[in-house]
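**Q** Right, I'll just put the structure down here and ask away after.
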Amino acid sequence: MNRTLLTGVILSALVVLLVLVAELLGIRVFERIATNLCLSLILVIGLQVFMGNSGILSFAHIGFMGVGAYVSALLTIPAQMKGMALPDLYEVMQGVQLSPYLAIPIAGVAAAAVAAAAAWPLMRLSDAAAVITSFALLVVLHTILTNWSEVTNGPRTLFGLPKATDLLLAAGVAIAAIVVALAFKESRTGRLLRTSRDDETASAAMGVDIPQLRWRAFVLAAFIAGIGGALWGHFITSFSPNAFYLHQTFVVLGMLVIGGANTVTGAVVGTFVVTGAFEGLRSLEAGLNEAKIFSEQVVGLTEVVLALAMIAVLILRPGGMFPAREIGVTLARAFNRKGAPS
Amino acid sequence: MTFALQFVIDVLSLGGAYALMALGLVIVYGILRLVNFAYGELIMVAGYTLFLVGGSGLPWLVMAAVAVLMAVLTGIATDYVAFRPVRAKSVTAVLITSFAFSTLLQNAALLFISPRPRNVPMPELFSQTVEIAGVTTPLRNVVTIVAAVVLLAVFAVLMRRTVLGIAMRAAASNFTMARMLGVPANLIISSAFAISGLLAGVVGILWIGRIGSVVPGIGLEPLLVAFIATVIGGMRSLSGAVLGGFLLAFIDTTLNYTLSQDLLKFRDAFTFGLVILILLWRPEGLLKGPATGQRT
């Protein structure tokens with residue numbers, strides 16, 4: 001069996017299993033957690049498409065999630081609610097009201113378009129300069145989202161998005177993202193891009209147009225992030241620009257790094273592991289707050305633990321849990337070794 | 001005339017603080033070629049230390065010294081926790097560990113102190129105003145200018161005249177060669193982090209003096225400022241960082257005076273857009289650093 005196909009099947013099966021368990025248990029909280037997990041999965045896989053193949057850390061990813069969420073919000077908030085939710089909206093857009101299922105792909109395209117324009121000149125940079133510019137891009141996007149009151153309601157909470165995302169939709173898109181990420185990784189662009197990750201000089205010497213390839217990966221990543229952001233928006237139904245800033249960046253990055261940025265398997269497993277740990281710690285936090293052991297509210301415990309885990313993983317196992325090989329490859333090798341006597 | 005003087009004082013006091021912030025970031029970057037995302041948290045640590053020793057009744061200068069000392073120790077801790085164990089592995093790994101360390105410190109402050117602002121004891125001096133040639137200005141602006149001039153002078157002497165400074169500059173220009181000639185690598189890197197912490201501690205006190213209170217997220221703005229200033233001035237040049245700090249203060253002050261209220265909200269977007277443009281035009285910044293060698 002084709003190893004990439006095997007990887008895709010196993011990872012999709014993991015998501016399907018999650019859906020089945022959530023549906024069969026029938027507990028509302030669990031279904032919410034599972035939906036959140038699928039949404040995180042989409043974002044983490046989006047980041048993996050760029051970071052895993054190009055080897056460059058990108059901070060801007062969550063900015064594109066924000067673009068997606070706001071574009072979809074703008075297109076779907078019911079016309080009669082717009083007066084309240086976005087009092088200063090331009091007149092042309094006041095009557096616009098699309099179905100969320102149409103708006104979500106448009107949001108992905110919008111995020112990809114922003115990324116395509118902004119990233120075109122940036123992809124020449126490597127290492128620290130690339131990271132700082134992507135950080136700068138995140139700050140620029142955040143500043144715009146926070147201050148363009150006409151379409152984002154400024155730093156205040158934007159509300160009134162129709163609820164359209166359920167577990168099945170989120171899981172379906174997550175599986176699609178897994179397939180796209182695997183297909184991109186094995187495509188000609190993906191393979192060439194990975195040569196530049198491993199050795200930039202050698203790869204350029206062989207005639208690889210590195211900025212062009214990085215740009216493609218970046219735009220695809222932004223597209224996935226935009227869709228993820230739009231889905232998240234239609235799940236949570238009200239949010240403010242601060243949802244798309246450093247904290248969210250940290251969580252998504254943590255999931256990817258702990259799982260292993262170089263493989264799609266790592267992205268998926270990291271999301272499952274970190275979400276599980278997060279939910280456990282959050283209920284611990286809530287329990288501590290309820291028991292009133294401390295005079296003040298306990299906040300930040302989950303982040304402290306995630307930060308420690310990230311540092312520990314990078315020190316002990318720099319590549320994460322799945323540093324180089326996809327699960328399908330590992331299994332196929334183990335199977336072949338057992339099957340063939342030689 | 002008074003307007004010009006007012007403008008100059010604003011630029012110099014803001015620029016002094018910016019230059020110190022940028023210098024603290026660039027001294028680590030120059031040697032290790034690695035960005036320290038936890039740099040802003042050194043300022044936070046200085047602020048919270050000042051808050052914690054606030055009730056002790058010690059003279060203010062002693063409290064300030066303790067706060068700076070804590071920033072220095074945290075700087076060295078950053079090296080041990082986030083940089084040393086992964087230094088040899090990959091650039092991305094170190095960027096992520098320093099980002100994680102920054103989040104760790106911030107959330108530790110959230111967890112153990114409070115998410116709400118905490119008042120920091122400040123001497124009378126910081127709330128008084130002074131009149132210079134017909135211009136009334138807060139005394140803390142003058143204090144900032146004086147502190148910046150003194151620290152920059154001390155720093156210049158340190159880098160040019162002392163063995164430590166020369167070894168650090170050697171390491172910044174060619175790390176491998178410096179090691180071969182007997183410069184102890186770990187000591188040099190730890191010293192760079194200590195100096196970075198010292199600068200952050202001093203600038204942190206001056207910075208918090210403007211606001212009077214400290215919150216867990218206070219480090220973000222100084223970090224962004226230091227980023228922009230170093231990128232404008234030159235990522236690998238110490239004088240470039242100082243130049244970048246003053247230039248950024250000049251741009252910010254000018255925008256403050258000229259932009260309308262509507263556009264002023266987007267100031268950060270403008271300045272960060274500028275950073276992107278400068279990096280494209282001159283990836284090394286305005287001033288080039290010493291010739292580059294291989295890291296570690």
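Labeling convention for the structure tokens: chains A, B, ... as they appear, residues from 1 per chain, ligands from 1 in order of appearance.
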When you look at range 322-331 of chain A with a cut-off of 7 Å (counting only C-alpha atoms), what residues show up, excluding the ones that are within fewer than 6 positions of it in the same chain? I need them as a PyMOL selection string.
**A** chain A and resi 3-4+6-7+259-260+262-266
**Q** Okay, now the selection with N, CA and C atoms, as a compact mmCIF listing (two decimals), in the first residue's frame?
**A**
# COMPACT_ATOMS: atom_id res chain seq x y z
N ARG A 3 2.55 4.45 1.00
CA ARG A 3 2.79 4.86 2.38
C ARG A 3 2.10 6.17 2.74
N THR A 4 2.09 7.10 1.78
CA THR A 4 1.42 8.38 2.07
C THR A 4 -0.07 8.17 2.24
N LEU A 6 -1.45 5.44 3.28
CA LEU A 6 -1.61 4.80 4.58
C LEU A 6 -1.62 5.84 5.69
N THR A 7 -0.67 6.79 5.60
CA THR A 7 -0.63 7.87 6.60
C THR A 7 -1.95 8.62 6.62
N GLY A 259 4.32 17.96 18.68
CA GLY A 259 4.09 16.81 17.81
C GLY A 259 5.22 16.56 16.83
N GLY A 260 5.81 17.64 16.34
CA GLY A 260 6.87 17.51 15.34
C GLY A 260 6.47 18.29 14.09
N ASN A 262 7.92 18.76 11.28
CA ASN A 262 8.27 18.29 9.94
C ASN A 262 7.28 17.30 9.33
N THR A 263 6.40 16.75 10.16
CA THR A 263 5.49 15.76 9.62
C THR A 263 4.04 16.13 9.90
N VAL A 264 3.15 15.71 9.00
CA VAL A 264 1.71 15.92 9.21
C VAL A 264 1.26 15.08 10.40
N THR A 265 1.84 13.87 10.52
CA THR A 265 1.52 13.04 11.68
C THR A 265 1.81 13.78 12.97
N GLY A 266 2.96 14.47 13.00
CA GLY A 266 3.33 15.24 14.19
C GLY A 266 2.30 16.30 14.50
**Q** Using only C-alpha atoms, what table do you get, as CSV, when you list each residue of chain B with an atom no more than 9 Å from chain A, its nearest pair of atoms, and their distance in Å rounded to one decimal, rows by chain then rising number?
**A**
residue,atom,partner,partner_atom,distance
B:Arg33,CA,A:Ala128,CA,7.7
B:Leu34,CA,A:Ala128,CA,6.8
B:Val35,CA,A:Ala128,CA,6.9
B:Val81,CA,A:Ile311,CA,8.1
B:Ala82,CA,A:Ile311,CA,7.1
B:Pro85,CA,A:Ile315,CA,5.9
B:Val86,CA,A:Ile315,CA,5.8
B:Lys89,CA,A:Pro318,CA,7.6
B:Ser90,CA,A:Pro318,CA,8.6
B:Val91,CA,A:Asp127,CA,6.8
B:Thr92,CA,A:Leu57,CA,6.2
B:Ala93,CA,A:Leu314,CA,6.5
B:Val94,CA,A:Leu314,CA,8.5
B:Leu95,CA,A:Leu57,CA,8.3
B:Ile96,CA,A:Ile311,CA,8.1
B:Thr97,CA,A:Ile311,CA,5.4
B:Ser98,CA,A:Ile311,CA,8.5
B:Phe99,CA,A:Phe250,CA,7.9
B:Ala100,CA,A:Ala307,CA,4.9
B:Phe101,CA,A:Ala307,CA,6.6
B:Ser102,CA,A:Ala307,CA,8.7
B:Thr103,CA,A:Ala307,CA,6.6
B:Leu104,CA,A:Val304,CA,5.0
B:Leu105,CA,A:Val304,CA,8.0
B:Gln106,CA,A:Gly300,CA,8.5
B:Asn107,CA,A:Gly300,CA,4.9
B:Ala108,CA,A:Val304,CA,6.5
B:Ala109,CA,A:Gly300,CA,8.5
B:Leu110,CA,A:Gly300,CA,5.9
B:Leu111,CA,A:Val299,CA,5.3
B:Phe112,CA,A:Val298,CA,8.3
B:Ile113,CA,A:Glu296,CA,8.9
B:Ser114,CA,A:Glu296,CA,7.7
B:Pro115,CA,A:Val299,CA,8.0
B:Leu224,CA,A:Ala136,CA,8.5
B:Phe227,CA,A:Ile132,CA,7.7
B:Ile228,CA,A:Ala136,CA,8.7
B:Val231,CA,A:Ala129,CA,8.7
B:Lys265,CA,A:Asn147,CA,6.3
B:Phe266,CA,A:Thr143,CA,6.4
B:Arg267,CA,A:Thr143,CA,8.5
B:Asp268,CA,A:Thr143,CA,6.7
B:Ala269,CA,A:Val140,CA,4.5
B:Phe270,CA,A:Val140,CA,7.9
B:Thr271,CA,A:Val140,CA,8.8
B:Phe272,CA,A:Ala136,CA,5.6
B:Gly273,CA,A:Val140,CA,7.0
B:Val275,CA,A:Ala136,CA,7.4
B:Ile276,CA,A:Thr133,CA,5.9
B:Leu279,CA,A:Ala129,CA,7.5
B:Leu280,CA,A:Leu122,CA,7.3
B:Pro283,CA,A:Ala129,CA,7.4
B:Glu284,CA,A:Ala129,CA,9.0
**Q** Just the selected residues (N, CA and C atoms), exported as a compact mmCIF listing (two decimals), in the first residue's frame, please.
**A**
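And here's part27.txt as it stands now:
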# COMPACT_ATOMS: atom_id res chain seq x y z
N ARG B 33 23.46 35.60 17.09
CA ARG B 33 22.62 35.64 15.89
C ARG B 33 21.24 35.06 16.18
N LEU B 34 20.78 35.26 17.42
CA LEU B 34 19.49 34.70 17.79
C LEU B 34 18.65 35.75 18.49
N VAL B 35 17.38 35.79 18.14
CA VAL B 35 16.48 36.78 18.72
C VAL B 35 15.97 36.28 20.06
N VAL B 81 18.08 28.42 30.41
CA VAL B 81 16.86 27.65 30.15
C VAL B 81 16.58 27.55 28.64
N ALA B 82 16.61 28.69 27.96
CA ALA B 82 16.08 28.71 26.60
C ALA B 82 17.16 28.63 25.53
N PRO B 85 20.72 24.94 26.05
CA PRO B 85 20.45 23.54 25.70
C PRO B 85 20.17 23.30 24.22
N VAL B 86 19.67 24.31 23.50
CA VAL B 86 19.29 24.07 22.11
C VAL B 86 20.12 24.90 21.13
N LYS B 89 21.38 23.34 17.99
CA LYS B 89 20.46 22.55 17.16
C LYS B 89 19.95 23.32 15.95
N SER B 90 18.99 24.21 16.14
CA SER B 90 18.54 24.97 14.98
C SER B 90 18.06 26.33 15.40
N VAL B 91 18.11 27.25 14.46
CA VAL B 91 17.68 28.62 14.72
C VAL B 91 16.23 28.62 15.18
N THR B 92 15.41 27.84 14.47
CA THR B 92 13.98 27.81 14.79
C THR B 92 13.75 27.32 16.22
N ALA B 93 14.49 26.29 16.62
CA ALA B 93 14.31 25.74 17.96
C ALA B 93 14.55 26.81 19.02
N VAL B 94 15.60 27.62 18.85
CA VAL B 94 15.91 28.63 19.86
C VAL B 94 14.85 29.72 19.87
N LEU B 95 14.37 30.09 18.68
CA LEU B 95 13.32 31.10 18.63
C LEU B 95 12.10 30.62 19.39
N ILE B 96 11.77 29.33 19.21
CA ILE B 96 10.57 28.80 19.88
C ILE B 96 10.82 28.70 21.39
N THR B 97 12.01 28.23 21.80
CA THR B 97 12.23 28.14 23.26
C THR B 97 12.19 29.51 23.90
N SER B 98 12.74 30.53 23.23
CA SER B 98 12.72 31.84 23.88
C SER B 98 11.29 32.39 23.91
N PHE B 99 10.52 32.09 22.87
CA PHE B 99 9.10 32.50 22.86
C PHE B 99 8.35 31.78 23.98
N ALA B 100 8.66 30.48 24.16
CA ALA B 100 8.01 29.71 25.23
C ALA B 100 8.42 30.25 26.59
N PHE B 101 9.68 30.60 26.75
CA PHE B 101 10.16 31.12 28.03
C PHE B 101 9.48 32.44 28.35
N SER B 102 9.27 33.25 27.31
CA SER B 102 8.58 34.52 27.51
C SER B 102 7.16 34.28 28.00
N THR B 103 6.45 33.34 27.36
CA THR B 103 5.09 33.02 27.80
C THR B 103 5.10 32.45 29.21
N LEU B 104 6.12 31.64 29.50
CA LEU B 104 6.24 31.05 30.83
C LEU B 104 6.33 32.14 31.89
N LEU B 105 7.22 33.11 31.68
CA LEU B 105 7.39 34.18 32.68
C LEU B 105 6.11 34.99 32.83
N GLN B 106 5.49 35.32 31.69
CA GLN B 106 4.26 36.12 31.73
C GLN B 106 3.16 35.42 32.51
N ASN B 107 2.98 34.13 32.21
CA ASN B 107 1.90 33.42 32.87
C ASN B 107 2.23 33.09 34.32
N ALA B 108 3.53 32.98 34.62
CA ALA B 108 3.91 32.81 36.01
C ALA B 108 3.50 34.06 36.79
N ALA B 109 3.68 35.23 36.17
CA ALA B 109 3.25 36.47 36.82
C ALA B 109 1.74 36.49 36.99
N LEU B 110 1.02 36.02 35.97
CA LEU B 110 -0.44 35.93 36.05
C LEU B 110 -0.85 35.02 37.20
N LEU B 111 -0.16 33.88 37.27
CA LEU B 111 -0.53 32.82 38.20
C LEU B 111 -0.19 33.19 39.64
N PHE B 112 1.03 33.70 39.84
CA PHE B 112 1.51 33.89 41.21
C PHE B 112 1.26 35.30 41.74
N ILE B 113 1.10 36.27 40.85
CA ILE B 113 0.87 37.62 41.37
C ILE B 113 -0.57 38.03 41.09
N SER B 114 -0.85 38.47 39.88
CA SER B 114 -2.24 38.82 39.58
C SER B 114 -2.33 39.30 38.14
N PRO B 115 -3.49 39.08 37.49
CA PRO B 115 -3.64 39.64 36.16
C PRO B 115 -3.87 41.14 36.18
N LEU B 224 8.64 45.07 21.02
CA LEU B 224 8.36 45.53 19.66
C LEU B 224 9.24 46.72 19.31
N PHE B 227 12.68 45.56 18.61
CA PHE B 227 12.71 44.92 17.29
C PHE B 227 12.85 45.96 16.19
N ILE B 228 11.93 46.93 16.20
CA ILE B 228 11.92 47.91 15.13
C ILE B 228 13.23 48.67 15.10
N VAL B 231 16.11 46.61 13.80
CA VAL B 231 16.00 46.32 12.38
C VAL B 231 16.33 47.57 11.55
N LYS B 265 -4.18 55.82 15.40
CA LYS B 265 -4.45 54.47 15.89
C LYS B 265 -3.64 53.44 15.12
N PHE B 266 -3.36 53.77 13.86
CA PHE B 266 -2.66 52.80 13.01
C PHE B 266 -1.14 52.99 13.07
N ARG B 267 -0.65 53.79 14.03
CA ARG B 267 0.77 54.10 14.06
C ARG B 267 1.64 52.84 14.05
N ASP B 268 1.26 51.86 14.86
CA ASP B 268 2.06 50.64 14.91
C ASP B 268 2.10 49.95 13.56
N ALA B 269 0.97 49.97 12.85
CA ALA B 269 0.95 49.35 11.53
C ALA B 269 1.91 50.08 10.59
N PHE B 270 1.93 51.41 10.70
CA PHE B 270 2.86 52.18 9.86
C PHE B 270 4.29 51.82 10.18
N THR B 271 4.65 51.83 11.49
CA THR B 271 6.05 51.59 11.84
C THR B 271 6.46 50.16 11.49
N PHE B 272 5.56 49.21 11.68
CA PHE B 272 5.94 47.83 11.35
C PHE B 272 6.00 47.62 9.85
N GLY B 273 5.14 48.33 9.11
CA GLY B 273 5.25 48.31 7.66
C GLY B 273 6.62 48.84 7.23
N VAL B 275 9.33 48.64 8.99
CA VAL B 275 10.32 47.60 9.29
C VAL B 275 10.42 46.63 8.12
N ILE B 276 9.26 46.20 7.61
CA ILE B 276 9.27 45.24 6.51
C ILE B 276 9.98 45.85 5.30
N LEU B 279 13.77 46.02 5.87
CA LEU B 279 14.40 44.70 5.78
C LEU B 279 14.53 44.25 4.33
N LEU B 280 13.59 44.68 3.48
CA LEU B 280 13.66 44.29 2.08
C LEU B 280 14.74 45.07 1.36
N PRO B 283 18.62 44.31 4.12
CA PRO B 283 18.40 43.26 5.12
C PRO B 283 19.32 43.39 6.33
N GLU B 284 20.41 44.10 6.19
CA GLU B 284 21.34 44.24 7.31
C GLU B 284 21.02 45.45 8.17
**Q** Report, in Å to a single decimal, how far apart CA of Phe244 in chain A and CA of Ser260 in chain B are.
**A** 27.1 Å
**Q** For Ala200 in chain B, which of B:Leu151, B:Pro121, B:Trp281, B:Pro216 is the closest residue, counting only C-alpha atoms?
**A**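 Result for the nearest residue to Ala200 in chain B: B:Leu151.
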**Q** Find the residues near Val203 in chain B: any atom within 9 Å, counting only C-alpha atoms, skip ones fewer than 3 places away on the same chain, and give them as a list in words.
**A**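 Listed by chain and then number, they are Ala17, Tyr18, Leu20, Met21, Ile43, Thr144, Ala147, Ala148, Leu198, Leu199, Ala200, Leu206, Trp207 and Ile208 of chain B.
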**Q** Could you name the residues that touch Cys38 in chain A at 9 Å or less, counting only C-alpha atoms, but leaving out those on the same chain fewer than 6 positions away, as a ChimeraX atom specification?
**A** /A:15,167,170-175,271
**Q** Enumerate, as an mmCIF file with N, CA and C atoms, in the first residue's frame, the complete set of residues in range 46-269 of chain B that a backbone-based DSSP assignment places in strand (DSSP E).
**A**
data_model
loop_
_atom_site.group_PDB
_atom_site.id
_atom_site.type_symbol
_atom_site.label_atom_id
_atom_site.label_comp_id
_atom_site.auth_asym_id
_atom_site.auth_seq_id
_atom_site.Cartn_x
_atom_site.Cartn_y
_atom_site.Cartn_z
ATOM 1 N N ARG B 118 -0.444 46.239 39.074
ATOM 2 C CA ARG B 118 0.057 46.427 40.426
ATOM 3 C C ARG B 118 0.826 47.740 40.478
ATOM 4 N N ASN B 119 0.555 48.539 41.496
ATOM 5 C CA ASN B 119 1.262 49.813 41.607
ATOM 6 C C ASN B 119 2.700 49.598 42.051
ATOM 7 N N THR B 129 7.560 68.188 37.667
ATOM 8 C CA THR B 129 7.908 68.755 36.363
ATOM 9 C C THR B 129 8.983 69.795 36.565
ATOM 10 N N VAL B 130 9.622 70.129 35.470
ATOM 11 C CA VAL B 130 10.718 71.084 35.540
ATOM 12 C C VAL B 130 10.587 72.022 34.345
ATOM 13 N N GLU B 131 11.075 73.259 34.517
ATOM 14 C CA GLU B 131 10.967 74.219 33.419
ATOM 15 C C GLU B 131 12.347 74.508 32.860
ATOM 16 N N ILE B 132 12.528 74.219 31.560
ATOM 17 C CA ILE B 132 13.809 74.489 30.906
ATOM 18 C C ILE B 132 13.564 75.495 29.796
ATOM 19 N N VAL B 135 10.070 75.833 28.676
ATOM 20 C CA VAL B 135 9.320 74.629 28.334
ATOM 21 C C VAL B 135 9.113 73.808 29.599
ATOM 22 N N THR B 136 7.874 73.483 29.888
ATOM 23 C CA THR B 136 7.610 72.651 31.055
ATOM 24 C C THR B 136 7.600 71.191 30.619
ATOM 25 N N THR B 137 8.377 70.388 31.307
ATOM 26 C CA THR B 137 8.445 68.982 30.928
ATOM 27 C C THR B 137 8.552 68.145 32.194
ATOM 28 N N PRO B 138 8.004 66.923 32.174
ATOM 29 C CA PRO B 138 8.152 66.076 33.354
ATOM 30 C C PRO B 138 9.626 65.815 33.650
ATOM 31 N N SER B 213 2.527 51.616 37.073
ATOM 32 C CA SER B 213 2.069 50.289 37.496
ATOM 33 C C SER B 213 2.594 49.241 36.517
ATOM 34 N N VAL B 214 2.483 47.979 36.917
ATOM 35 C CA VAL B 214 3.032 46.906 36.099
ATOM 36 C C VAL B 214 1.969 45.821 35.902
#
**Q** I'd like the neighbourhood of Ile218 in chain B as JSON, numbers by chain, where a residue qualifies if any of its atoms comes within 8 Å (using only C-alpha atoms), though same-chain residues fewer than 6 positions away should be ignored.
**A** {"B": [40, 41, 43, 44]}
**Q** May I ask which of the residues B:Leu12, B:Ile205, B:Ile251, B:Val157 is the closest one to Gly47 in chain B, counting only C-alpha atoms?
**A**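 With only C-alpha atoms as the atom set, the closest residue is B:Ile205.
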**Q** Could you tell me which of B:Pro59, B:Gly16, B:Pro117, B:Gly165 comes closest to Gly244 in chain B if we count only C-alpha atoms?
**A**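 That would be B:Gly16, the residue with the smallest distance to Gly244 in chain B.
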**Q** List every residue of range 81-218 of chain B that DSSP, applied to the backbone of this structure, assigns to helix (DSSP H, G or I), and report them as an MDAnalysis selection string.
**A** chainID B and resid 81:86 91:112 124:127 139:161 163:173 175:180 185:211 216:218
**Q** Need to verify the contact set: Ser13 in chain B, 9 Å, only C-alpha atoms, exclusion of same-chain residues closer than 5 positions in sequence. Can you return it as number ranges by chain?
**A** B: 8, 18, 140-146, 148, 249
**Q** Please write the residues from the selection above to a file, keeping C-alpha atoms, as a PDB file, in the first residue's frame.
**A**
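Everything below was put into again-v8.pdb:
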ATOM      1  CA  VAL B   8      13.892  67.846  20.981  1.00  0.00           C
ATOM      2  CA  TYR B  18      14.337  53.138  22.902  1.00  0.00           C
ATOM      3  CA  ARG B 140      11.375  61.913  34.422  1.00  0.00           C
ATOM      4  CA  ASN B 141      12.132  62.850  30.802  1.00  0.00           C
ATOM      5  CA  VAL B 142      15.301  64.568  31.976  1.00  0.00           C
ATOM      6  CA  VAL B 143      16.126  61.578  34.190  1.00  0.00           C
ATOM      7  CA  THR B 144      15.691  59.276  31.185  1.00  0.00           C
ATOM      8  CA  ILE B 145      17.994  61.377  29.027  1.00  0.00           C
ATOM      9  CA  VAL B 146      20.672  61.496  31.733  1.00  0.00           C
ATOM     10  CA  ALA B 148      20.621  56.949  28.730  1.00  0.00           C
ATOM     11  CA  ALA B 249      11.695  57.947  18.560  1.00  0.00           C
TER      12      ALA B 249
END
**Q** Just checking: using only C-alpha atoms, which residue out of B:Val120, B:Ala171, B:Ala229, B:Leu223 ends up closest to Leu42 in chain B?
**A**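 Using only C-alpha atoms, Leu42 in chain B sits closest to B:Leu223.
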**Q** Give me, please, the distance in Å between CA of Leu256 in chain A and CA of Phe218 in chain A, quoted to one decimal.
**A**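 Computing it gives 16.2 Å between the two atoms.
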**Q** Could you give me, as a ChimeraX atom specification, the residues within 10 Å of Ala73 in chain A, counting only C-alpha atoms and dropping anything in the same chain fewer than 3 positions from it?
**A** /A:67-70,76-78,97-98,100,103-104,107,151-152,158-162,230,233-234,237-238
**Q** Export C-alpha atoms of the chosen residues as a PDB file, in the first residue's frame?
**A**
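Just written: again-v4.pdb:
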ATOM      1  CA  VAL A  67      -8.576  37.768   8.489  1.00  0.00           C
ATOM      2  CA  GLY A  68     -10.629  34.661   7.676  1.00  0.00           C
ATOM      3  CA  ALA A  69     -12.816  35.007  10.754  1.00  0.00           C
ATOM      4  CA  TYR A  70     -13.547  38.700  10.134  1.00  0.00           C
ATOM      5  CA  THR A  76     -22.754  36.468   7.118  1.00  0.00           C
ATOM      6  CA  ILE A  77     -23.975  38.643   9.978  1.00  0.00           C
ATOM      7  CA  PRO A  78     -27.708  39.058   9.236  1.00  0.00           C
ATOM      8  CA  GLN A  97     -25.737  38.480   3.722  1.00  0.00           C
ATOM      9  CA  LEU A  98     -24.427  35.163   2.458  1.00  0.00           C
ATOM     10  CA  PRO A 100     -21.949  30.703   6.005  1.00  0.00           C
ATOM     11  CA  ALA A 103     -18.706  32.670   3.125  1.00  0.00           C
ATOM     12  CA  ILE A 104     -16.231  30.226   4.678  1.00  0.00           C
ATOM     13  CA  ALA A 107     -12.828  33.830   3.792  1.00  0.00           C
ATOM     14  CA  VAL A 151     -15.532  46.529   9.514  1.00  0.00           C
ATOM     15  CA  THR A 152     -14.233  44.929  12.721  1.00  0.00           C
ATOM     16  CA  LEU A 158     -17.931  41.420  17.388  1.00  0.00           C
ATOM     17  CA  PHE A 159     -21.128  39.410  17.784  1.00  0.00           C
ATOM     18  CA  GLY A 160     -24.006  38.115  15.726  1.00  0.00           C
ATOM     19  CA  LEU A 161     -22.288  35.485  13.572  1.00  0.00           C
ATOM     20  CA  PRO A 162     -24.694  32.677  12.680  1.00  0.00           C
ATOM     21  CA  ALA A 230     -13.926  31.354   9.603  1.00  0.00           C
ATOM     22  CA  GLY A 233     -15.839  32.250  14.092  1.00  0.00           C
ATOM     23  CA  HIS A 234     -19.033  30.395  13.203  1.00  0.00           C
ATOM     24  CA  THR A 237     -20.105  33.308  17.210  1.00  0.00           C
ATOM     25  CA  SER A 238     -18.533  36.302  18.989  1.00  0.00           C
TER      26      SER A 238
END
**Q** At what distance in Å, to one decimal, does CA of Ala65 in chain B lie from CA of Gly209 in chain B?
**A**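 Spanning CA of Gly209 in chain B to CA of Ala65 in chain B is a straight-line distance of 14.7 Å.
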